[in-house]
>>> print(open('upload03.cif').read())   # mmCIF, C-alpha atoms and all ligand atoms
data_input
loop_
_atom_site.label_atom_id
_atom_site.label_comp_id
_atom_site.auth_asym_id
_atom_site.auth_seq_id
_atom_site.Cartn_x
_atom_site.Cartn_y
_atom_site.Cartn_z
CA MET N 215 0.00 0.00 0.00
CA SER N 216 1.50 3.37 -0.98
CA GLU N 217 1.67 6.09 1.67
CA LEU N 218 0.94 9.73 1.01
CA ILE N 219 4.22 11.64 1.00
CA PRO N 220 3.82 15.06 2.66
CA LYS N 221 4.74 17.93 0.40
CA ARG N 222 7.95 19.65 1.38
CA VAL N 223 8.03 23.38 2.06
CA LEU N 224 11.23 25.41 2.53
CA VAL N 225 10.89 27.87 5.44
CA THR N 226 13.45 30.64 5.98
CA GLY N 227 13.73 32.33 9.37
CA GLY N 228 13.00 28.98 10.99
CA GLN N 229 14.22 30.26 14.37
CA GLY N 230 12.04 33.39 14.34
CA GLN N 231 8.56 33.71 15.83
CA VAL N 232 6.61 32.98 12.66
CA GLY N 233 9.20 30.60 11.17
CA HIS N 234 9.28 28.51 14.34
CA ALA N 235 5.47 28.31 14.44
CA LEU N 236 5.42 27.29 10.76
CA VAL N 237 7.93 24.51 11.31
CA GLN N 238 5.77 23.24 14.21
CA GLN N 239 2.38 23.60 12.57
CA LEU N 240 2.73 22.80 8.86
CA ALA N 241 3.26 19.12 9.66
CA PRO N 242 1.87 16.56 9.11
CA ASP N 243 0.15 17.76 5.91
CA PHE N 244 3.36 19.43 4.78
CA GLN N 245 6.95 18.61 5.59
CA PRO N 246 8.62 21.88 6.57
CA ILE N 247 12.37 22.20 6.02
CA GLY N 248 13.48 25.07 8.26
CA TYR N 249 16.48 27.24 7.41
CA ASP N 250 18.18 29.56 9.87
CA ARG N 251 20.62 32.28 8.80
CA LEU N 252 23.50 29.78 8.76
CA GLY N 253 21.67 27.67 6.18
CA LEU N 254 20.43 30.60 4.10
CA ASP N 255 21.75 34.09 4.85
CA LEU N 256 19.45 36.64 3.23
CA SER N 257 22.09 39.36 3.49
CA ASP N 258 24.51 37.32 1.35
CA LEU N 259 22.93 38.54 -1.86
CA ASP N 260 25.72 37.30 -4.16
CA ARG N 261 25.15 33.68 -3.17
CA LEU N 262 21.47 33.65 -2.25
CA ALA N 263 20.13 32.60 -5.67
CA ASP N 264 22.63 29.73 -6.04
CA LYS N 265 21.96 28.49 -2.52
CA LEU N 266 18.23 28.57 -3.05
CA HIS N 267 18.48 26.77 -6.41
CA ALA N 268 20.57 24.10 -4.66
CA ALA N 269 18.07 23.75 -1.78
CA ILE N 270 15.25 23.35 -4.30
CA GLU N 271 17.18 20.68 -6.20
CA VAL N 272 17.82 18.74 -2.98
CA HIS N 273 14.39 18.99 -1.36
CA GLN N 274 12.03 19.34 -4.35
CA PRO N 275 9.58 21.50 -2.34
CA CYS N 276 6.08 22.50 -3.43
CA ALA N 277 6.47 26.03 -2.00
CA ILE N 278 8.92 28.43 -0.36
CA ILE N 279 7.98 30.45 2.69
CA ASN N 280 10.07 33.47 3.61
CA ALA N 281 9.61 34.11 7.32
CA ALA N 282 13.07 35.69 7.69
CA ALA N 283 13.34 39.47 7.96
CA PHE N 284 15.32 42.27 9.52
CA THR N 285 12.69 43.04 12.17
CA ALA N 286 14.62 45.37 14.50
CA VAL N 287 12.48 48.41 13.63
CA ASP N 288 14.55 51.01 15.50
CA ARG N 289 17.92 49.54 14.53
CA ALA N 290 16.88 49.66 10.86
CA GLU N 291 17.06 53.48 11.05
CA SER N 292 20.86 53.23 11.41
CA GLN N 293 21.32 50.03 9.35
CA GLU N 294 19.35 50.99 6.28
CA SER N 295 21.50 49.15 3.77
CA LEU N 296 21.28 45.84 5.66
CA ALA N 297 17.53 46.27 6.21
CA TYR N 298 17.03 46.78 2.45
CA ASP N 299 19.24 43.80 1.56
CA VAL N 300 17.27 41.44 3.83
CA ASN N 301 13.77 42.90 3.52
CA ALA N 302 13.70 44.09 -0.08
CA LEU N 303 16.47 42.69 -2.30
CA ALA N 304 16.57 39.15 -0.86
CA PRO N 305 12.79 38.58 -1.22
CA GLY N 306 13.08 39.75 -4.83
CA ILE N 307 15.84 37.20 -5.50
CA MET N 308 13.84 34.49 -3.73
CA ALA N 309 10.74 35.27 -5.78
CA THR N 310 12.73 35.18 -9.03
CA VAL N 311 14.26 31.81 -8.16
CA ALA N 312 10.91 30.42 -7.01
CA THR N 313 9.24 31.57 -10.24
CA SER N 314 12.00 30.00 -12.34
CA HIS N 315 11.11 26.63 -10.75
CA GLY N 316 7.36 27.26 -11.02
CA LEU N 317 7.12 27.39 -7.22
CA PRO N 318 4.93 29.73 -5.17
CA LEU N 319 6.48 32.05 -2.57
CA VAL N 320 4.78 33.00 0.67
CA HIS N 321 6.18 36.23 2.07
CA TYR N 322 5.22 38.25 5.17
CA SER N 323 4.90 42.00 5.41
CA THR N 324 3.71 44.54 7.91
CA ASP N 325 1.23 47.19 9.01
CA TYR N 326 4.25 49.55 9.04
CA VAL N 327 3.85 50.01 5.25
CA PHE N 328 1.06 52.50 6.19
CA ASP N 329 1.32 55.99 7.63
CA GLY N 330 -1.39 55.36 10.25
CA GLN N 331 -3.42 58.46 9.39
CA HIS N 332 -6.39 56.50 7.98
CA ASP N 333 -9.70 56.25 9.88
CA GLY N 334 -10.65 52.63 10.53
CA ALA N 335 -8.92 49.50 9.30
CA TYR N 336 -6.68 49.54 6.21
CA THR N 337 -7.65 47.39 3.22
CA GLU N 338 -5.24 45.95 0.67
CA ASN N 339 -6.32 48.75 -1.73
CA ASP N 340 -5.39 51.60 0.58
CA LEU N 341 -2.41 53.78 -0.24
CA THR N 342 0.82 52.90 1.51
CA GLY N 343 3.08 55.50 3.08
CA PRO N 344 5.69 53.99 5.39
CA LEU N 345 7.14 56.22 8.10
CA SER N 346 10.32 54.26 8.84
CA VAL N 347 13.27 52.57 7.13
CA TYR N 348 11.83 49.21 8.20
CA GLY N 349 8.42 50.03 6.68
CA ARG N 350 9.98 51.30 3.43
CA SER N 351 12.24 48.23 3.16
CA LYS N 352 9.26 45.89 3.70
CA LEU N 353 7.18 47.75 1.10
CA ALA N 354 10.07 47.47 -1.37
CA GLY N 355 10.15 43.72 -0.58
CA GLU N 356 6.44 43.41 -1.43
CA LYS N 357 7.01 45.13 -4.77
CA ALA N 358 10.02 42.93 -5.55
CA VAL N 359 8.02 39.75 -4.87
CA MET N 360 5.17 40.98 -7.10
CA ALA N 361 7.61 41.95 -9.86
CA ALA N 362 8.79 38.33 -10.24
CA ASN N 363 5.31 37.58 -11.63
CA GLY N 364 5.04 34.14 -10.04
CA PRO N 365 2.34 32.75 -7.76
CA HIS N 366 2.78 34.40 -4.37
CA LEU N 367 1.08 35.26 -1.12
CA ILE N 368 2.15 38.48 0.59
CA LEU N 369 0.63 38.47 4.07
CA ARG N 370 0.73 41.77 5.93
CA THR N 371 0.39 41.18 9.63
CA SER N 372 0.82 43.20 12.83
CA TRP N 373 2.18 43.21 16.40
CA VAL N 374 3.42 39.59 16.28
CA PHE N 375 3.93 37.61 19.49
CA GLY N 376 4.24 34.02 20.59
CA ALA N 377 5.56 31.75 23.29
CA HIS N 378 8.75 31.38 21.21
CA GLY N 379 11.03 34.35 20.56
CA GLN N 380 11.26 37.89 21.84
CA ASN N 381 8.28 40.22 21.72
CA PHE N 382 6.28 42.89 23.57
CA LEU N 383 4.21 40.29 25.46
CA LYS N 384 7.29 38.67 26.98
CA THR N 385 8.91 42.02 27.76
CA MET N 386 5.77 43.16 29.60
CA LEU N 387 5.56 39.87 31.47
CA ARG N 388 9.13 40.33 32.71
CA LEU N 389 8.72 44.00 33.61
CA ALA N 390 5.43 43.32 35.45
CA GLN N 391 7.33 40.95 37.74
CA GLU N 392 10.20 43.38 38.35
CA ARG N 393 8.61 46.83 38.59
CA ASP N 394 6.10 48.75 40.69
CA ALA N 395 5.12 51.06 37.82
CA LEU N 396 5.09 50.96 34.01
CA SER N 397 4.34 53.53 31.30
CA VAL N 398 2.97 52.15 28.03
CA VAL N 399 1.90 53.95 24.84
CA ASN N 400 -1.89 54.32 24.63
CA ASP N 401 -2.43 56.24 21.39
CA GLN N 402 -1.16 53.70 18.84
CA ILE N 403 -3.70 51.02 17.98
CA GLY N 404 -3.48 47.65 16.27
CA ALA N 405 -4.15 43.95 16.60
CA PRO N 406 -1.67 41.78 18.50
CA THR N 407 -1.40 38.69 16.30
CA SER N 408 0.06 35.38 17.39
CA ALA N 409 2.70 33.59 15.33
CA GLU N 410 0.57 30.47 15.78
CA LEU N 411 -2.41 32.14 14.08
CA ILE N 412 -0.20 33.27 11.19
CA ALA N 413 1.21 29.75 10.80
CA GLN N 414 -2.23 28.15 11.00
CA SER N 415 -3.63 30.56 8.40
CA THR N 416 -0.64 29.97 6.13
CA HIS N 417 -1.36 26.25 6.40
CA THR N 418 -5.00 26.86 5.45
CA ALA N 419 -4.02 28.92 2.41
CA LEU N 420 -1.40 26.44 1.17
CA SER N 421 -3.82 23.53 1.63
CA ASN N 422 -6.28 25.44 -0.60
CA LEU N 423 -3.78 26.58 -3.18
CA ILE N 424 -1.22 23.83 -3.69
CA GLY N 425 -1.91 21.15 -6.29
CA GLY N 426 -3.96 21.02 -9.46
CA ALA N 427 -3.89 24.18 -11.55
CA SER N 428 -2.65 26.07 -8.52
CA ALA N 429 -0.48 28.63 -10.31
CA HIS N 430 -3.61 30.08 -11.93
CA ASP N 431 -5.73 30.24 -8.77
CA PRO N 432 -6.97 33.84 -8.50
CA ARG N 433 -6.49 33.69 -4.73
CA TRP N 434 -2.72 34.18 -4.88
CA GLY N 435 -1.87 37.77 -4.02
CA LEU N 436 -1.70 40.38 -1.28
CA TYR N 437 -3.66 39.96 1.97
CA HIS N 438 -4.07 41.51 5.37
CA LEU N 439 -3.83 38.79 8.01
CA ALA N 440 -4.22 39.77 11.66
CA ALA N 441 -6.26 38.79 14.69
CA SER N 442 -9.72 40.37 15.05
CA GLY N 443 -10.40 43.36 17.26
CA HIS N 444 -7.91 46.03 18.20
CA THR N 445 -6.34 47.69 21.19
CA SER N 446 -3.52 50.04 22.15
CA TRP N 447 -0.12 48.90 23.45
CA HIS N 448 -1.40 50.02 26.87
CA GLY N 449 -4.64 47.99 26.57
CA TYR N 450 -2.60 45.00 25.40
CA ALA N 451 -0.23 45.30 28.38
CA GLN N 452 -3.11 45.70 30.85
CA TYR N 453 -4.88 42.65 29.48
CA LEU N 454 -1.88 40.34 29.38
CA ILE N 455 -0.60 41.34 32.81
CA SER N 456 -3.99 40.91 34.44
CA HIS N 457 -4.49 37.54 32.71
CA ALA N 458 -1.00 36.39 33.73
CA ARG N 459 -1.87 37.23 37.34
CA THR N 460 -4.93 34.96 37.18
CA LEU N 461 -2.71 32.17 35.81
CA GLY N 462 -0.49 32.40 38.90
CA TRP N 463 2.41 34.45 37.51
CA PRO N 464 4.19 36.30 40.36
CA ILE N 465 3.11 39.72 39.09
CA ARG N 466 4.43 42.57 41.23
CA ILE N 467 2.83 45.58 39.57
CA ARG N 468 -0.70 46.67 40.53
CA ASP N 469 -3.21 47.11 37.67
CA ASP N 470 -3.60 50.82 38.45
CA ALA N 471 0.17 51.35 38.23
CA ILE N 472 0.23 50.66 34.47
CA GLU N 473 0.10 54.19 33.13
CA GLY N 474 -0.96 55.10 29.59
CA ILE N 475 1.26 57.65 27.82
CA ALA N 476 1.33 59.30 24.39
CA ALA N 477 3.74 57.94 21.77
CA ARG N 478 5.37 61.39 21.58
CA ASP N 479 6.40 60.94 25.24
CA TYR N 480 8.15 57.64 24.49
CA PRO N 481 10.92 58.61 22.06
CA VAL N 482 12.28 55.83 19.84
CA ALA N 483 14.38 55.93 16.67
CA ALA N 484 11.65 54.83 14.23
CA VAL N 485 8.26 56.53 13.82
CA ARG N 486 5.37 54.05 14.08
CA PRO N 487 1.88 54.44 12.58
CA MET N 488 -0.77 55.63 15.07
CA ASN N 489 -3.33 53.36 13.40
CA SER N 490 -2.12 49.87 12.50
CA ARG N 491 -5.54 48.27 12.02
CA LEU N 492 -5.73 45.86 9.07
CA ASP N 493 -9.03 44.92 7.41
CA THR N 494 -8.96 41.14 6.93
CA THR N 495 -12.23 40.77 4.98
CA LYS N 496 -10.41 39.67 1.80
CA TRP N 497 -8.58 36.89 3.67
CA GLN N 498 -11.65 35.66 5.50
CA GLN N 499 -13.71 35.56 2.30
CA SER N 500 -10.99 33.95 0.16
CA PHE N 501 -10.11 31.17 2.58
CA GLY N 502 -13.33 30.81 4.60
CA GLU N 503 -11.42 31.38 7.81
CA THR N 504 -12.78 33.33 10.77
CA LEU N 505 -9.88 35.07 12.50
CA PRO N 506 -10.18 35.00 16.31
CA ASP N 507 -9.99 37.97 18.66
CA TRP N 508 -6.43 38.98 19.62
CA ARG N 509 -7.08 38.00 23.25
CA VAL N 510 -7.48 34.33 22.24
CA GLY N 511 -3.88 34.27 21.03
CA VAL N 512 -2.63 36.09 24.14
CA ASP N 513 -4.38 33.58 26.41
CA HIS N 514 -2.91 30.70 24.45
CA ALA N 515 0.63 32.12 24.50
CA LEU N 516 0.47 32.79 28.25
CA ALA N 517 -0.67 29.22 28.84
CA ASN N 518 2.37 28.00 26.90
CA ILE N 519 5.13 30.12 28.43
CA PRO N 520 6.67 28.35 31.43
CA LEU N 521 5.96 30.22 34.70
CA GLN N 522 9.04 32.18 35.82
CA PRO N 523 8.95 32.92 39.53
N1 LIG D 1 7.46 40.95 14.79
C1 LIG D 1 6.43 41.73 14.46
O1 LIG D 1 5.82 42.39 15.31
C2 LIG D 1 5.95 41.80 13.03
C3 LIG D 1 4.89 42.66 12.72
C4 LIG D 1 4.44 42.71 11.40
C5 LIG D 1 5.04 41.92 10.42
N2 LIG D 1 6.10 41.12 10.76
C6 LIG D 1 6.72 40.35 9.70
O2 LIG D 1 6.48 38.97 9.96
C7 LIG D 1 7.59 38.18 9.48
C8 LIG D 1 8.10 37.29 10.61
O3 LIG D 1 8.52 38.11 11.69
P1 LIG D 1 8.90 37.50 13.10
O4 LIG D 1 8.14 38.26 14.13
O5 LIG D 1 8.82 36.03 13.07
O6 LIG D 1 10.41 37.98 13.18
P2 LIG D 1 11.61 37.46 14.10
O7 LIG D 1 11.07 36.70 15.26
O8 LIG D 1 12.48 38.63 14.33
O9 LIG D 1 12.34 36.42 13.16
C9 LIG D 1 13.01 36.85 12.02
C10 LIG D 1 13.94 35.74 11.60
O10 LIG D 1 14.67 36.21 10.48
C11 LIG D 1 15.99 35.79 10.64
N3 LIG D 1 16.93 36.63 9.93
C12 LIG D 1 17.25 37.92 10.15
N4 LIG D 1 18.20 38.31 9.31
C13 LIG D 1 18.48 37.23 8.54
C14 LIG D 1 19.40 36.98 7.49
N5 LIG D 1 20.25 37.92 7.06
N6 LIG D 1 19.43 35.76 6.92
C15 LIG D 1 18.62 34.78 7.34
N7 LIG D 1 17.74 34.94 8.35
C16 LIG D 1 17.68 36.16 8.93
C17 LIG D 1 16.25 35.88 12.14
O11 LIG D 1 17.37 35.09 12.45
P3 LIG D 1 18.17 35.29 13.84
O12 LIG D 1 17.28 34.62 14.84
O13 LIG D 1 19.45 34.59 13.58
O14 LIG D 1 18.30 36.77 14.03
C18 LIG D 1 14.94 35.34 12.68
O15 LIG D 1 14.97 33.94 12.78
C19 LIG D 1 8.61 39.20 8.96
O16 LIG D 1 8.46 39.33 7.58
C20 LIG D 1 8.23 40.49 9.63
O17 LIG D 1 8.63 41.62 8.87
C21 LIG D 1 6.55 41.01 12.04
#
>>> encode(input="upload03.cif", output="structure tokens", more="lines below")
Ligand SMILES: NC(=O)c1ccc[n+]([C@@H]2O[C@H](COP(=O)([O-])OP(=O)(O)OC[C@H]3O[C@@H](n4cnc5c(N)ncnc54)[C@H](OP(=O)(O)O)[C@@H]3O)[C@@H](O)[C@H]2O)c1
Amino acid sequence: MSELIPKRVLVTGGQGQVGHALVQQLAPDFQPIGYDRLGLDLSDLDRLADKLHAAIEVHQPCAIINAAAFTAVDRAESQESLAYDVNALAPGIMATVATSHGLPLVHYSTDYVFDGQHDGAYTENDLTGPLSVYGRSKLAGEKAVMAANGPHLILRTSWVFGAHGQNFLKTMLRLAQERDALSVVNDQIGAPTSAELIAQSTHTALSNLIGGASAHDPRWGLYHLAASGHTSWHGYAQYLISHARTLGWPIRIRDDAIEGIAARDYPVAAVRPMNSRLDTTKWQQSFGETLPDWRVGVDHALANIPLQP
């Protein structure tokens, strides 16, 4: 009796938040092959195409997922050239190589491609206007992937967190155990989105799109993919700290000692959009997936981070 062989998928950034979740969650329907920067360095532009061709020859994947990125938003302001290499030029090379093999590329982008001045949630048709080097480099990456003219998914997401990796949720959890008072920005809004949700949704899309006449499926393209609902960084911190307390975390700070402050009073190198809300209607209609409220992902992540007394 012949067994079904899972389709292989190459995943870059396999040690990052989203890459790690993909490697965990694509199986068993797909067989993810995770690459870290030692296996595939996206800043090594001279050798990237050859290395990717070789990886494709060896593994014969059905798709490539690029979850690697230069994500240090403030550091990108002083490392513009590196941010562009990794976030813009490398995805363009990857898309060209993928297209030359007839393979689809899944690529992630960000709410930071917008200027945040829009009322309500941004749709895929809204004008971009990045405020930072990171946002501009990611927007250039989107355009480079599209320019290769192959089947692709570009998934713009926001405020990513998970049990694995470094993120705002884990920083707040640590500070809430150490400090008596905290000041958190309360006038920037968005949807905290778990790496697990992004991986699960990527799985859903690939399951729909891979196989048959997949290259011609009209559902390839640009999407907004984020948890439902929205909050501020301050609302997010309040929620996660209070929920962690109920789970038995040794939280030191009192709820009323988490102060909300304006972004202008919290100076950082990169300007962030005030409104990061992404309208996910296109995603939900194309793939029949209802995206859960952001608190569901926070609850799940907190339940999966080992208690640190
Ligand atoms: N984090 C967010 O809040 C957020 C928000 C919106 C969109 N996104 C997008 O979502 C995607 C996934 O982000 P994430 O949160 O999973 O990021 P992450 O946790 O920072 O992971 C990024 C990964 O990329 C790898 N990487 C960086 N430079 C590389 C290079 N030169 N060559 C190869 N690998 C390299 C990192 O490797 P090392 O571990 O070795 O550094 C890391 O494993 C990215 O496209 C990001 O732009 C993220």
>>> residues_near_ligand(input="upload03.cif", ligand="ligand LIG 1 (chain D)", cutoff="9 Å", atoms="all atoms listed in the file", output="JSON, numbers by chain")
{"N": [226, 227, 228, 229, 230, 231, 232, 233, 234, 235, 249, 250, 251, 252, 253, 254, 255, 256, 257, 258, 280, 281, 282, 283, 284, 285, 286, 296, 297, 299, 300, 301, 304, 321, 322, 323, 324, 325, 326, 348, 349, 352, 369, 370, 371, 372, 373, 374, 375, 376, 378, 379, 380, 381, 382, 406, 407, 409, 412]}
>>> residues_around(input="upload03.cif", residues="Asn518 in chain N", least_positions_apart="4", cutoff="9 Å", atoms="all atoms listed in the file", output="number ranges by chain")
N: 376-377, 513-514
>>> residues_near_point(input="upload03.cif", point="(0.0, 32.3, 35.5)", cutoff="12 Å", atoms="all atoms listed in the file", output="ChimeraX atom specification")
/N:387,391,454-465,513-523
>>> residues_around(input="upload03.cif", residues="Leu505 in chain N", least_positions_apart="4", cutoff="12 Å", atoms="all atoms listed in the file", output="number ranges by chain")
N: 405, 407-408, 410-412, 414-415, 418, 438-443, 493-499, 501, 509-511
>>> atom_distance(input="upload03.cif", atom1="CA of Ala471 in chain N", atom2="CA of Arg491 in chain N")
27.0 Å
>>> atom_distance(input="upload03.cif", atom1="CA of Met488 in chain N", atom2="CA of Ala390 in chain N")
24.6 Å
>>> closest_residue(input="upload03.cif", among="N:Ala263, N:Ala476, N:Ile247, N:Val237", to="Asp401 in chain N", atoms="all atoms listed in the file")
N:Ala476
>>> atom_distance(input="upload03.cif", atom1="CA of Tyr450 in chain N", atom2="CA of Gln238 in chain N")
25.9 Å
>>> closest_residue(input="upload03.cif", among="N:Ala395, N:Ala419, N:Leu353, N:Leu383", to="His366 in chain N", atoms="all atoms listed in the file")
N:Ala419
>>> closest_residue(input="upload03.cif", among="N:His444, N:Val482, N:Gln331, N:Ser421", to="Phe244 in chain N", atoms="all atoms listed in the file")
N:Ser421
>>> closest_residue(input="upload03.cif", among="N:Asn339, N:Ser351, N:Thr416, N:Asn363", to="Val225 in chain N", atoms="all atoms listed in the file")
N:Thr416
>>> residues_around(input="upload03.cif", residues="Cys276 in chain N", least_positions_apart="3", cutoff="10 Å", atoms="all atoms listed in the file", output="list of chain:residue names")
N:Pro220, N:Lys221, N:Arg222, N:Val223, N:Leu224, N:Phe244, N:Gln245, N:Ile270, N:His273, N:Ala312, N:His315, N:Gly316, N:Leu317, N:Pro318, N:Leu319, N:Leu420, N:Ile424, N:Gly425
>>> residues_around(input="upload03.cif", residues="range 354-360 of chain N", least_positions_apart="5", cutoff="6 Å", atoms="all atoms listed in the file", output="PyMOL selection string")
chain N and resi 301-302+305-306+309
>>> axis_aligned_box(input="upload03.cif", around="range 396-413 of chain N", padding_each_side="8 Å", output="AutoDock Vina command-line options")
--center_x 0.5 --center_y 43.0 --center_z 22.4 --size_x 25.2 --size_y 42.5 --size_z 39.2
>>> closest_residue(input="upload03.cif", among="N:Arg486, N:His267, N:Arg468, N:His448", to="Val399 in chain N", atoms="only C-alpha atoms")
N:His448
